[in-house]
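Engineer: Following this line is protein.cif, made up of mmCIF, C-alpha atoms and all ligand atoms:
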```
data_entry
loop_
_atom_site.label_atom_id
_atom_site.label_comp_id
_atom_site.auth_asym_id
_atom_site.auth_seq_id
_atom_site.Cartn_x
_atom_site.Cartn_y
_atom_site.Cartn_z
CA MET A 44 0.00 0.00 0.00
CA GLU A 45 3.04 2.21 0.14
CA SER A 46 2.64 2.73 -3.59
CA ILE A 47 -0.61 4.64 -3.02
CA SER A 48 0.87 7.08 -0.54
CA ARG A 49 3.69 7.81 -2.95
CA CYS A 50 1.22 8.71 -5.65
CA ILE A 51 -0.78 11.06 -3.48
CA TYR A 52 1.70 13.93 -3.38
CA PRO A 53 1.94 14.43 -7.16
CA ALA A 54 -1.85 14.05 -7.43
CA TYR A 55 -2.27 17.13 -5.21
CA SER A 56 -0.84 19.42 -7.83
CA LEU A 57 -0.74 17.57 -11.16
CA ALA A 58 -3.25 16.03 -13.51
CA ILE A 59 -2.79 12.26 -13.51
CA SER A 60 -3.26 10.67 -16.91
CA ASN A 61 -5.81 7.89 -17.33
CA ARG A 62 -2.97 5.61 -18.35
CA ALA A 63 -1.14 6.24 -15.08
CA ILE A 64 -4.34 5.77 -13.06
CA LYS A 65 -4.97 2.46 -14.78
CA LYS A 66 -1.40 1.33 -14.17
CA ILE A 67 -1.48 2.29 -10.47
CA ASN A 68 -4.77 0.43 -10.01
CA GLN A 69 -3.36 -2.56 -11.81
CA VAL A 70 -0.37 -2.75 -9.46
CA ASN A 71 -2.55 -2.37 -6.37
CA PHE A 72 -5.28 -4.79 -7.32
CA ASN A 73 -2.76 -7.34 -8.57
CA TYR A 74 -1.23 -7.11 -5.11
CA ILE A 75 -4.62 -7.75 -3.48
CA TRP A 76 -5.24 -10.81 -5.67
CA ARG A 77 -1.59 -11.90 -5.46
CA LYS A 78 -1.19 -11.53 -9.21
CA LYS A 79 -3.85 -14.19 -9.82
CA THR A 80 -7.36 -13.97 -11.23
CA HIS A 81 -9.37 -10.96 -10.07
CA TYR A 82 -12.59 -12.64 -8.98
CA ILE A 83 -14.42 -9.51 -7.88
CA LYS A 84 -14.52 -6.19 -9.72
CA LYS A 85 -12.46 -3.40 -8.22
CA THR A 86 -15.53 -1.19 -7.99
CA VAL A 87 -17.02 -3.75 -5.57
CA LEU A 88 -13.77 -4.13 -3.61
CA ALA A 89 -13.61 -0.36 -3.24
CA LYS A 90 -16.95 -0.25 -1.45
CA LYS A 91 -17.36 -0.21 2.33
CA TYR A 92 -17.24 -3.50 4.23
CA GLU A 93 -20.97 -3.43 4.94
CA ASP A 94 -21.65 -2.96 1.24
CA GLY A 95 -19.62 -6.03 0.36
CA GLY A 96 -16.29 -4.35 -0.36
CA LEU A 97 -12.89 -4.35 1.28
CA GLU A 98 -12.48 -0.58 1.40
CA ALA A 99 -9.72 -1.01 -1.16
CA ILE A 100 -8.49 2.19 -2.72
CA ASP A 101 -9.33 2.81 -6.34
CA PHE A 102 -6.77 5.42 -7.36
CA ASP A 103 -9.19 7.05 -9.78
CA TYR A 104 -11.45 8.14 -6.92
CA MET A 105 -8.53 8.85 -4.63
CA ASN A 106 -7.27 11.26 -7.29
CA GLY A 107 -10.80 12.66 -7.64
CA THR A 108 -10.99 13.24 -3.89
CA LEU A 109 -7.75 15.22 -3.91
CA LYS A 110 -8.95 17.30 -6.86
CA ILE A 111 -12.29 17.98 -5.15
CA ASN A 112 -10.42 19.03 -2.01
CA TRP A 113 -8.35 21.45 -4.06
CA LEU A 114 -11.58 22.88 -5.43
CA LYS A 115 -12.97 23.25 -1.94
CA SER A 116 -9.91 25.17 -0.73
CA PHE A 117 -10.00 27.28 -3.86
CA LEU A 118 -13.63 28.18 -3.22
CA ASN A 119 -13.24 28.94 0.45
CA THR A 120 -10.06 30.92 0.81
CA ASN A 121 -8.56 34.12 -0.46
CA ASN A 122 -5.13 32.58 -0.26
CA LEU A 123 -2.42 34.10 -2.43
CA TRP A 124 -1.62 30.63 -3.82
CA PHE A 125 -4.86 30.70 -5.74
CA HIS A 126 -4.14 34.00 -7.47
CA ILE A 127 -3.41 32.48 -10.88
CA PRO A 128 -6.39 30.11 -11.07
CA ARG A 129 -8.57 32.93 -9.76
CA GLN A 130 -7.50 35.11 -12.69
CA ILE A 131 -8.06 32.27 -15.14
CA PHE A 132 -11.55 31.41 -13.92
CA LYS A 133 -12.48 35.09 -13.76
CA MET A 134 -12.72 34.89 -17.55
CA LEU A 135 -15.65 32.50 -17.05
CA GLY A 136 -17.33 34.43 -14.25
CA GLY A 137 -15.26 32.98 -11.39
CA ILE A 138 -15.10 29.41 -10.19
CA GLU A 139 -18.20 29.63 -8.01
CA PHE A 140 -20.32 30.76 -10.94
CA LEU A 141 -18.79 28.23 -13.33
CA LEU A 142 -19.61 25.32 -11.01
CA ARG A 143 -23.29 26.23 -11.24
CA CYS A 144 -23.23 26.23 -15.04
CA ASP A 145 -23.98 23.30 -17.32
CA PHE A 146 -20.57 23.55 -18.95
CA LEU A 147 -18.60 21.20 -21.14
CA ILE A 148 -14.84 21.59 -20.79
CA GLN A 149 -14.13 21.24 -24.52
CA LYS A 150 -16.59 24.03 -25.31
CA LEU A 151 -15.29 26.58 -22.81
CA PRO A 152 -13.86 29.59 -24.64
CA ILE A 153 -10.50 29.39 -22.83
CA LYS A 154 -7.90 26.66 -22.73
CA LEU A 155 -7.54 25.22 -19.23
CA SER A 156 -4.53 23.35 -17.89
CA LEU A 157 -4.85 19.58 -17.63
CA PHE A 158 -4.97 19.92 -13.84
CA HIS A 159 -7.94 22.30 -13.92
CA GLN A 160 -9.64 20.16 -16.54
CA GLN A 161 -9.33 17.13 -14.31
CA VAL A 162 -10.70 19.06 -11.32
CA LEU A 163 -13.75 20.08 -13.35
CA LEU A 164 -14.26 16.57 -14.73
CA TYR A 165 -14.40 15.08 -11.25
CA TRP A 166 -16.70 17.91 -10.21
CA LYS A 167 -19.11 17.03 -13.00
CA LEU A 168 -19.21 13.44 -11.76
CA LEU A 169 -20.21 14.46 -8.24
CA TYR A 170 -22.38 17.51 -8.82
CA ASN A 171 -26.14 17.09 -8.46
CA HIS A 172 -27.27 18.85 -11.55
CA ASN A 173 -30.99 19.42 -11.28
CA PHE A 174 -31.68 20.62 -14.77
CA THR A 175 -34.41 23.20 -15.15
CA PRO A 176 -34.25 25.36 -18.27
CA HIS A 177 -34.90 28.65 -16.48
CA ASN A 178 -32.37 28.01 -13.68
CA SER A 179 -29.55 26.89 -15.96
CA PRO A 180 -27.31 29.82 -16.83
CA ILE A 181 -26.95 30.73 -20.50
CA TRP A 182 -23.29 31.41 -19.80
CA ASN A 183 -20.75 28.59 -20.10
CA ASN A 184 -23.65 26.44 -21.26
CA ARG A 185 -22.81 23.45 -23.44
CA TYR A 186 -25.99 23.86 -25.48
CA ILE A 187 -25.68 27.61 -26.03
CA THR A 188 -22.68 28.05 -28.26
CA VAL A 189 -21.23 30.18 -31.03
CA ARG A 190 -18.85 28.33 -33.34
CA ASN A 191 -19.01 25.43 -30.91
CA LYS A 192 -17.77 27.51 -27.96
CA SER A 193 -19.94 28.43 -25.00
CA LEU A 194 -20.36 32.11 -24.13
CA PHE A 195 -19.54 34.31 -21.19
CA TYR A 196 -20.08 38.09 -21.07
CA LYS A 197 -19.20 39.65 -17.77
CA GLU A 198 -21.14 42.91 -18.33
CA TRP A 199 -24.31 40.90 -18.87
CA LEU A 200 -23.84 38.86 -15.72
CA ASP A 201 -23.07 42.09 -13.78
CA LYS A 202 -26.48 43.36 -14.88
CA GLY A 203 -28.03 40.19 -13.47
CA ILE A 204 -28.68 38.64 -16.87
CA TRP A 205 -27.92 34.93 -16.85
CA SER A 206 -31.16 33.00 -17.39
CA PRO A 207 -32.94 32.70 -20.74
CA VAL A 208 -35.95 34.09 -18.85
CA HIS A 209 -34.09 37.41 -18.59
CA LEU A 210 -34.16 37.73 -22.39
CA VAL A 211 -37.84 37.09 -23.07
CA ASP A 212 -41.06 39.02 -22.58
CA ASN A 213 -44.13 37.64 -20.79
CA THR A 214 -45.25 35.82 -23.93
CA GLY A 215 -41.97 33.89 -24.07
CA GLN A 216 -40.64 35.73 -27.17
CA PHE A 217 -37.19 37.32 -27.21
CA LEU A 218 -37.22 40.99 -26.29
CA SER A 219 -36.35 43.32 -29.14
CA TYR A 220 -32.97 45.03 -28.84
CA ASN A 221 -34.67 48.29 -27.89
CA ASP A 222 -36.87 46.72 -25.22
CA PHE A 223 -33.82 44.91 -23.90
CA CYS A 224 -31.91 48.20 -23.61
CA LEU A 225 -34.86 49.91 -21.97
CA LYS A 226 -34.94 47.16 -19.39
CA TYR A 227 -31.24 46.83 -18.65
CA GLY A 228 -29.62 49.99 -20.05
CA TYR A 229 -27.56 50.51 -23.19
CA PHE A 230 -24.51 48.47 -22.21
CA THR A 231 -24.10 46.20 -25.20
CA ASN A 232 -24.34 46.59 -28.95
CA VAL A 233 -26.97 45.11 -31.20
CA LYS A 234 -24.48 42.71 -32.74
CA THR A 235 -23.67 41.02 -29.42
CA PHE A 236 -27.36 40.99 -28.50
CA LYS A 237 -28.21 39.18 -31.73
CA LEU A 238 -25.31 36.79 -31.24
CA VAL A 239 -26.55 35.76 -27.79
CA THR A 240 -30.22 35.39 -28.70
CA LYS A 241 -29.33 33.46 -31.84
CA ALA A 242 -27.12 31.10 -29.86
CA ILE A 243 -30.03 30.00 -27.68
CA PRO A 244 -31.52 26.91 -29.35
CA ASP A 245 -35.21 26.85 -30.23
CA SER A 246 -35.72 23.87 -27.95
CA ILE A 247 -34.64 25.87 -24.89
CA LEU A 248 -36.69 28.89 -25.96
CA HIS A 249 -39.68 26.60 -26.37
CA LEU A 250 -39.30 25.25 -22.81
CA ILE A 251 -38.91 28.78 -21.45
CA LYS A 252 -42.02 29.88 -23.31
CA GLY A 253 -43.92 27.03 -21.70
CA ILE A 254 -42.73 27.99 -18.24
CA VAL A 255 -43.33 31.74 -18.60
CA THR A 256 -46.78 31.49 -20.15
CA THR A 257 -48.41 28.47 -18.53
CA SER A 258 -46.80 27.84 -15.16
CA THR A 259 -49.02 29.44 -12.54
CA ASN A 260 -46.50 29.25 -9.74
CA PHE A 261 -43.56 30.33 -11.86
CA THR A 262 -40.76 31.48 -9.58
CA TYR A 263 -38.12 33.84 -10.79
CA PRO A 264 -34.90 32.11 -11.90
CA GLN A 265 -32.47 31.21 -9.15
CA LEU A 266 -28.90 30.08 -9.56
CA PRO A 267 -28.57 26.43 -8.53
CA LEU A 268 -26.91 25.54 -5.22
CA ILE A 269 -23.54 23.86 -5.26
CA LEU A 270 -24.53 20.45 -3.97
CA ILE A 271 -22.61 17.21 -3.91
CA GLY A 272 -24.51 14.27 -2.51
CA ASP A 273 -26.90 16.07 -0.20
CA CYS A 274 -24.25 18.45 1.14
CA ASN A 275 -23.75 22.09 0.35
CA PHE A 276 -20.23 21.95 -0.99
CA ARG A 277 -19.27 25.36 0.38
CA GLU A 278 -20.46 25.01 3.93
CA ILE A 279 -19.93 21.54 5.30
CA PRO A 280 -16.48 20.10 5.95
CA ILE A 281 -16.43 16.83 4.05
CA GLN A 282 -14.01 14.03 4.92
CA ASN A 283 -11.85 12.49 2.22
CA LYS A 284 -13.40 9.12 2.86
CA THR A 285 -16.89 10.53 2.40
CA ILE A 286 -15.96 12.05 -0.96
CA ARG A 287 -14.35 8.82 -2.11
CA TYR A 288 -17.42 6.74 -1.23
CA LEU A 289 -19.65 9.34 -2.83
CA PHE A 290 -17.83 8.77 -6.14
CA ILE A 291 -18.26 5.02 -5.83
CA HIS A 292 -21.85 5.34 -4.67
CA ILE A 293 -22.85 7.68 -7.49
CA LEU A 294 -20.99 5.86 -10.25
CA PHE A 295 -21.64 2.29 -9.10
CA PRO A 296 -24.81 2.48 -7.01
CA PHE A 297 -25.51 -1.22 -6.72
CA GLN A 298 -23.91 -4.19 -8.29
CA SER A 299 -25.52 -7.54 -7.95
CA TYR A 300 -23.55 -10.58 -8.88
CA LYS A 301 -24.48 -14.21 -9.07
CA ASN A 302 -23.26 -15.38 -5.68
CA CYS A 303 -23.88 -12.21 -3.71
CA ILE A 304 -25.09 -13.06 -0.20
CA LEU A 305 -28.02 -10.75 -0.80
CA ASN A 306 -29.45 -13.63 -2.83
CA PHE A 307 -29.38 -15.94 0.20
CA PHE A 308 -29.95 -13.84 3.32
CA PRO A 309 -32.48 -11.17 4.31
CA LYS A 310 -31.34 -7.69 3.34
CA ASP A 311 -31.17 -6.33 6.88
CA THR A 312 -28.86 -9.07 8.19
CA VAL A 313 -26.38 -8.85 5.32
CA PRO A 314 -24.39 -5.80 6.52
CA LEU A 315 -23.78 -7.50 9.88
CA LEU A 316 -22.63 -10.70 8.18
CA ARG A 317 -20.23 -8.64 6.16
CA VAL A 318 -18.57 -6.83 9.07
CA GLN A 319 -19.02 -8.93 12.22
CA TYR A 320 -16.21 -11.39 11.50
CA LEU A 321 -13.70 -8.58 11.07
CA LYS A 322 -13.64 -8.11 14.84
CA PHE A 323 -13.05 -11.77 15.64
CA PRO A 324 -9.58 -12.60 17.00
CA ILE A 325 -8.70 -14.81 14.05
CA PRO A 326 -5.75 -14.64 11.63
CA PRO A 327 -6.13 -12.57 8.43
CA LYS A 328 -6.09 -15.74 6.34
CA MET A 329 -9.31 -16.92 8.07
CA LYS A 330 -10.94 -13.58 7.40
CA GLU A 331 -9.94 -13.87 3.78
CA ILE A 332 -11.58 -17.32 3.60
CA HIS A 333 -14.72 -15.87 5.15
CA TYR A 334 -14.79 -13.06 2.62
CA ARG A 335 -14.28 -15.49 -0.23
CA THR A 336 -16.97 -17.80 1.10
CA PHE A 337 -19.73 -15.27 1.35
CA ASN A 338 -18.85 -13.87 -2.06
CA GLY A 339 -19.01 -17.29 -3.65
CA ILE A 340 -15.39 -17.29 -4.73
CA TYR A 341 -13.98 -19.88 -2.35
CA PRO A 342 -11.73 -22.15 -4.46
CA SER A 343 -13.59 -25.39 -3.83
CA ASN A 344 -12.95 -28.20 -6.29
CA ASP A 345 -16.28 -27.55 -8.00
CA PHE A 346 -15.44 -23.85 -8.38
CA LEU A 347 -11.99 -24.62 -9.82
CA HIS A 348 -13.48 -27.28 -12.08
CA GLN A 349 -16.10 -24.91 -13.50
CA ARG A 350 -13.89 -21.88 -13.71
CA PHE A 351 -10.56 -23.31 -14.82
CA GLY A 352 -11.41 -26.80 -16.03
CA PHE A 353 -9.67 -28.63 -13.18
CA GLU A 354 -10.06 -32.35 -13.72
CA THR A 355 -11.83 -33.42 -10.55
CA ASN A 356 -14.70 -31.78 -8.70
CA CYS A 357 -14.91 -34.51 -6.08
CA CYS A 358 -14.89 -33.67 -2.39
CA SER A 359 -11.42 -33.97 -0.83
CA PHE A 360 -12.93 -35.41 2.37
CA CYS A 361 -15.52 -37.99 1.31
CA ASN A 362 -14.39 -38.45 -2.28
CA THR A 363 -17.97 -39.15 -3.40
CA ASP A 364 -19.97 -35.93 -3.65
CA ILE A 365 -19.26 -32.80 -5.64
CA GLU A 366 -17.16 -30.39 -3.58
CA THR A 367 -19.19 -27.17 -3.62
CA THR A 368 -18.44 -24.61 -0.91
CA ASP A 369 -21.67 -25.57 0.88
CA HIS A 370 -20.82 -29.22 0.74
CA LEU A 371 -17.25 -28.73 1.90
CA PHE A 372 -18.14 -26.65 4.95
CA PHE A 373 -21.55 -28.05 5.95
CA HIS A 374 -23.12 -30.95 4.13
CA CYS A 375 -20.21 -33.33 3.80
CA ASN A 376 -20.41 -36.17 6.36
CA PHE A 377 -17.01 -35.19 7.70
CA SER A 378 -17.90 -31.52 8.17
CA SER A 379 -21.34 -32.18 9.62
CA THR A 380 -19.80 -34.56 12.16
CA PHE A 381 -17.37 -31.81 13.06
CA TRP A 382 -20.20 -29.28 13.54
CA GLN A 383 -22.18 -31.73 15.64
CA ASP A 384 -19.15 -32.13 17.89
CA VAL A 385 -18.76 -28.38 18.18
CA PHE A 386 -22.36 -27.84 19.21
CA LYS A 387 -22.56 -30.83 21.56
ZN ZN A 401 -17.64 -34.51 1.08
#
```
Will you turn the file into structure tokens for me?

Structural biologist:
Amino acid sequence: MESISRCIYPAYSLAISNRAIKKINQVNFNYIWRKKTHYIKKTVLAKKYEDGGLEAIDFDYMNGTLKINWLKSFLNTNNLWFHIPRQIFKMLGGIEFLLRCDFLIQKLPIKLSLFHQQVLLYWKLLYNHNFTPHNSPIWNNRYITVRNKSLFYKEWLDKGIWSPVHLVDNTGQFLSYNDFCLKYGYFTNVKTFKLVTKAIPDSILHLIKGIVTTSTNFTYPQLPLILIGDCNFREIPIQNKTIRYLFIHILFPFQSYKNCILNFFPKDTVPLLRVQYLKFPIPPKMKEIHYRTFNGIYPSNDFLHQRFGFETNCCSFCNTDIETTDHLFFHCNFSSTFWQDVFK
């Protein structure tokens, strides 16, 4: 596990390529499986014990956690160290505004460093984007583009213009340039005005029209909150572990597999079965056998026969029945005699 800690420091300040992430995961998960077959997907192993995982570290989400932490510090401090990124993101309305936009990195009108790109990519994975056409800013919007680049005009945002609703009248039609200037003042020229209104696709205008004209309880547009999971990203201190599990939870909500114990035991007893044995004073090897058993990957003869074509699937004790995990531990005459002795 030392390898992981060595990778953390560079991940604080550099973008880590997908190739490197894959390689690091390969080394780590090969270590867990002792360079043999990986029986359980790494996304399952990365889950919490009670969810059937081993709390193994998937470097992708570890990297994501560090990037999200950087974003959190960037949002919450006025530290001098953030001067350069602050200037860069100012061109898009500042980081706090950008995070609320439905942006696509490739369409942003400025070229971001790989590090900042990676930060924003991880952000997009975690962010709860509740799409509503009137609350989604027209700025930095992946659907509102000119020559395939999204738009951002600071003077417009300064005037409080960011929702498509701000550009239409009460019948849902675009304001004329003159009406627009009467409403907000003569701060922009007709060319820019036409550029912006033309960039807004008909489909969005149509939705806005529907909202403005028919919705009886239409509320004025409000910028979305910056939420990840159920937490307000700005306010609550979030632990690294929480962020990491949030990634796994959002991206891999539930994975059922053939021999999952959920198929055999009631749902409410499963978490206990998955964690209770960890506290027993038994050697790690025994715990490993337990984990393998309840995940249906114990290398019984039947399992090895089915999976790898081993010649025999006969029980090593009685030599008559098929050696399934159940048979080996419980139903075999030898094992059941043993259990009877134990419970005498
Ligand atoms: Zn047997």

Engineer: In Å, rounded to a single decimal, give me how far CA of Leu123 in chain A is from CA of Lys284 in chain A.

Structural biologist: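 For CA of Lys284 in chain A relative to CA of Leu123 in chain A, the distance reads 27.8 Å.
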
Engineer: Kindly assemble as a Markdown table a list of the chain A residues that lie within 12 Å of ligand ZN 401 (chain A), each paired with its nearest atom pair and their distance in Å to one decimal, using only C-alpha atoms and all ligand atoms, sorted first by chain and then by ascending residue number.

Structural biologist:
```
| residue | atom | partner | partner_atom | distance |
| --- | --- | --- | --- | --- |
| A:Ser343 | CA | A:ZN401 | ZN | 11.1 |
| A:Asn344 | CA | A:ZN401 | ZN | 10.8 |
| A:Asp345 | CA | A:ZN401 | ZN | 11.5 |
| A:Asn356 | CA | A:ZN401 | ZN | 10.6 |
| A:Cys357 | CA | A:ZN401 | ZN | 7.7 |
| A:Cys358 | CA | A:ZN401 | ZN | 4.5 |
| A:Ser359 | CA | A:ZN401 | ZN | 6.5 |
| A:Phe360 | CA | A:ZN401 | ZN | 5.0 |
| A:Cys361 | CA | A:ZN401 | ZN | 4.1 |
| A:Asn362 | CA | A:ZN401 | ZN | 6.1 |
| A:Thr363 | CA | A:ZN401 | ZN | 6.5 |
| A:Asp364 | CA | A:ZN401 | ZN | 5.5 |
| A:Ile365 | CA | A:ZN401 | ZN | 7.1 |
| A:Glu366 | CA | A:ZN401 | ZN | 6.2 |
| A:Thr367 | CA | A:ZN401 | ZN | 8.9 |
| A:Thr368 | CA | A:ZN401 | ZN | 10.1 |
| A:Asp369 | CA | A:ZN401 | ZN | 9.8 |
| A:His370 | CA | A:ZN401 | ZN | 6.2 |
| A:Leu371 | CA | A:ZN401 | ZN | 5.9 |
| A:Phe372 | CA | A:ZN401 | ZN | 8.8 |
| A:Phe373 | CA | A:ZN401 | ZN | 9.0 |
| A:His374 | CA | A:ZN401 | ZN | 7.2 |
| A:Cys375 | CA | A:ZN401 | ZN | 3.9 |
| A:Asn376 | CA | A:ZN401 | ZN | 6.2 |
| A:Phe377 | CA | A:ZN401 | ZN | 6.7 |
| A:Ser378 | CA | A:ZN401 | ZN | 7.7 |
| A:Ser379 | CA | A:ZN401 | ZN | 9.6 |
| A:Thr380 | CA | A:ZN401 | ZN | 11.3 |
```

Engineer: Rounded to one decimal in Å, what is the spacing between CA of Leu141 in chain A and CA of Leu266 in chain A?

Structural biologist: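 Between CA of Leu141 in chain A and CA of Leu266 in chain A the gap works out to 10.9 Å.
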
Engineer: CA of Asn173 in chain A and CA of Gln216 in chain A, how far apart in Å?

Structural biologist: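 One can read the CA of Gln216 in chain A to CA of Asn173 in chain A distance as 24.7 Å.
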
Engineer: Find the residues around range 239-249 of chain A up to 7 Å (all atoms listed in the file counted), leave out those fewer than 3 positions away in its own chain, and share them as a compact mmCIF listing (two decimals) with C-alpha atoms, in the coordinates of the input.

Structural biologist:
```txt
# COMPACT_ATOMS: atom_id res chain seq x y z
CA PRO A 176 -34.25 25.36 -18.27
CA ILE A 187 -25.68 27.61 -26.03
CA THR A 188 -22.68 28.05 -28.26
CA VAL A 189 -21.23 30.18 -31.03
CA THR A 235 -23.67 41.02 -29.42
CA PHE A 236 -27.36 40.99 -28.50
CA LYS A 252 -42.02 29.88 -23.31
CA GLY A 253 -43.92 27.03 -21.70
```

Engineer: List the spatial neighbours of Asn73 in chain A as a PyMOL selection string - criterion: any atom at most 12 Å away, only C-alpha atoms, same-chain residues fewer than 4 positions off excluded.

Structural biologist: chain A and resi 44+65-69+77-85+99

Engineer: Can you spit out the residues from that selection as a PDB file, keeping the file's coordinate frame, using C-alpha atoms?

Structural biologist:
```pdb
ATOM      1  CA  MET A  44       0.000   0.000   0.000  1.00  0.00           C
ATOM      2  CA  LYS A  65      -4.970   2.460 -14.780  1.00  0.00           C
ATOM      3  CA  LYS A  66      -1.400   1.330 -14.170  1.00  0.00           C
ATOM      4  CA  ILE A  67      -1.480   2.290 -10.470  1.00  0.00           C
ATOM      5  CA  ASN A  68      -4.770   0.430 -10.010  1.00  0.00           C
ATOM      6  CA  GLN A  69      -3.360  -2.560 -11.810  1.00  0.00           C
ATOM      7  CA  ARG A  77      -1.590 -11.900  -5.460  1.00  0.00           C
ATOM      8  CA  LYS A  78      -1.190 -11.530  -9.210  1.00  0.00           C
ATOM      9  CA  LYS A  79      -3.850 -14.190  -9.820  1.00  0.00           C
ATOM     10  CA  THR A  80      -7.360 -13.970 -11.230  1.00  0.00           C
ATOM     11  CA  HIS A  81      -9.370 -10.960 -10.070  1.00  0.00           C
ATOM     12  CA  TYR A  82     -12.590 -12.640  -8.980  1.00  0.00           C
ATOM     13  CA  ILE A  83     -14.420  -9.510  -7.880  1.00  0.00           C
ATOM     14  CA  LYS A  84     -14.520  -6.190  -9.720  1.00  0.00           C
ATOM     15  CA  LYS A  85     -12.460  -3.400  -8.220  1.00  0.00           C
ATOM     16  CA  ALA A  99      -9.720  -1.010  -1.160  1.00  0.00           C
TER      17      ALA A  99
END
```

Engineer: I'd like to know which of A:Ala58, A:Leu238, A:Ile64, A:Leu225 is closest to Leu155 in chain A, using only C-alpha atoms.

Structural biologist: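 Result for the nearest residue to Leu155 in chain A: A:Ala58.
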
Engineer: Would you output range 168-209 of chain A from that structure, restricted to C-alpha atoms, as a JSON list (two decimals), in the first residue's frame?

Structural biologist:
```
[["chain", "number", "residue", "atom", "x", "y", "z"],
["A", 168, "LEU", "CA", -19.21, 13.44, -11.76],
["A", 169, "LEU", "CA", -20.21, 14.46, -8.24],
["A", 170, "TYR", "CA", -22.38, 17.51, -8.82],
["A", 171, "ASN", "CA", -26.14, 17.09, -8.46],
["A", 172, "HIS", "CA", -27.27, 18.85, -11.55],
["A", 173, "ASN", "CA", -30.99, 19.42, -11.28],
["A", 174, "PHE", "CA", -31.68, 20.62, -14.77],
["A", 175, "THR", "CA", -34.41, 23.20, -15.15],
["A", 176, "PRO", "CA", -34.25, 25.36, -18.27],
["A", 177, "HIS", "CA", -34.90, 28.65, -16.48],
["A", 178, "ASN", "CA", -32.37, 28.01, -13.68],
["A", 179, "SER", "CA", -29.55, 26.89, -15.96],
["A", 180, "PRO", "CA", -27.31, 29.82, -16.83],
["A", 181, "ILE", "CA", -26.95, 30.73, -20.50],
["A", 182, "TRP", "CA", -23.29, 31.41, -19.80],
["A", 183, "ASN", "CA", -20.75, 28.59, -20.10],
["A", 184, "ASN", "CA", -23.65, 26.44, -21.26],
["A", 185, "ARG", "CA", -22.81, 23.45, -23.44],
["A", 186, "TYR", "CA", -25.99, 23.86, -25.48],
["A", 187, "ILE", "CA", -25.68, 27.61, -26.03],
["A", 188, "THR", "CA", -22.68, 28.05, -28.26],
["A", 189, "VAL", "CA", -21.23, 30.18, -31.03],
["A", 190, "ARG", "CA", -18.85, 28.33, -33.34],
["A", 191, "ASN", "CA", -19.01, 25.43, -30.91],
["A", 192, "LYS", "CA", -17.77, 27.51, -27.96],
["A", 193, "SER", "CA", -19.94, 28.43, -25.00],
["A", 194, "LEU", "CA", -20.36, 32.11, -24.13],
["A", 195, "PHE", "CA", -19.54, 34.31, -21.19],
["A", 196, "TYR", "CA", -20.08, 38.09, -21.07],
["A", 197, "LYS", "CA", -19.20, 39.65, -17.77],
["A", 198, "GLU", "CA", -21.14, 42.91, -18.33],
["A", 199, "TRP", "CA", -24.31, 40.90, -18.87],
["A", 200, "LEU", "CA", -23.84, 38.86, -15.72],
["A", 201, "ASP", "CA", -23.07, 42.09, -13.78],
["A", 202, "LYS", "CA", -26.48, 43.36, -14.88],
["A", 203, "GLY", "CA", -28.03, 40.19, -13.47],
["A", 204, "ILE", "CA", -28.68, 38.64, -16.87],
["A", 205, "TRP", "CA", -27.92, 34.93, -16.85],
["A", 206, "SER", "CA", -31.16, 33.00, -17.39],
["A", 207, "PRO", "CA", -32.94, 32.70, -20.74],
["A", 208, "VAL", "CA", -35.95, 34.09, -18.85],
["A", 209, "HIS", "CA", -34.09, 37.41, -18.59]]
```
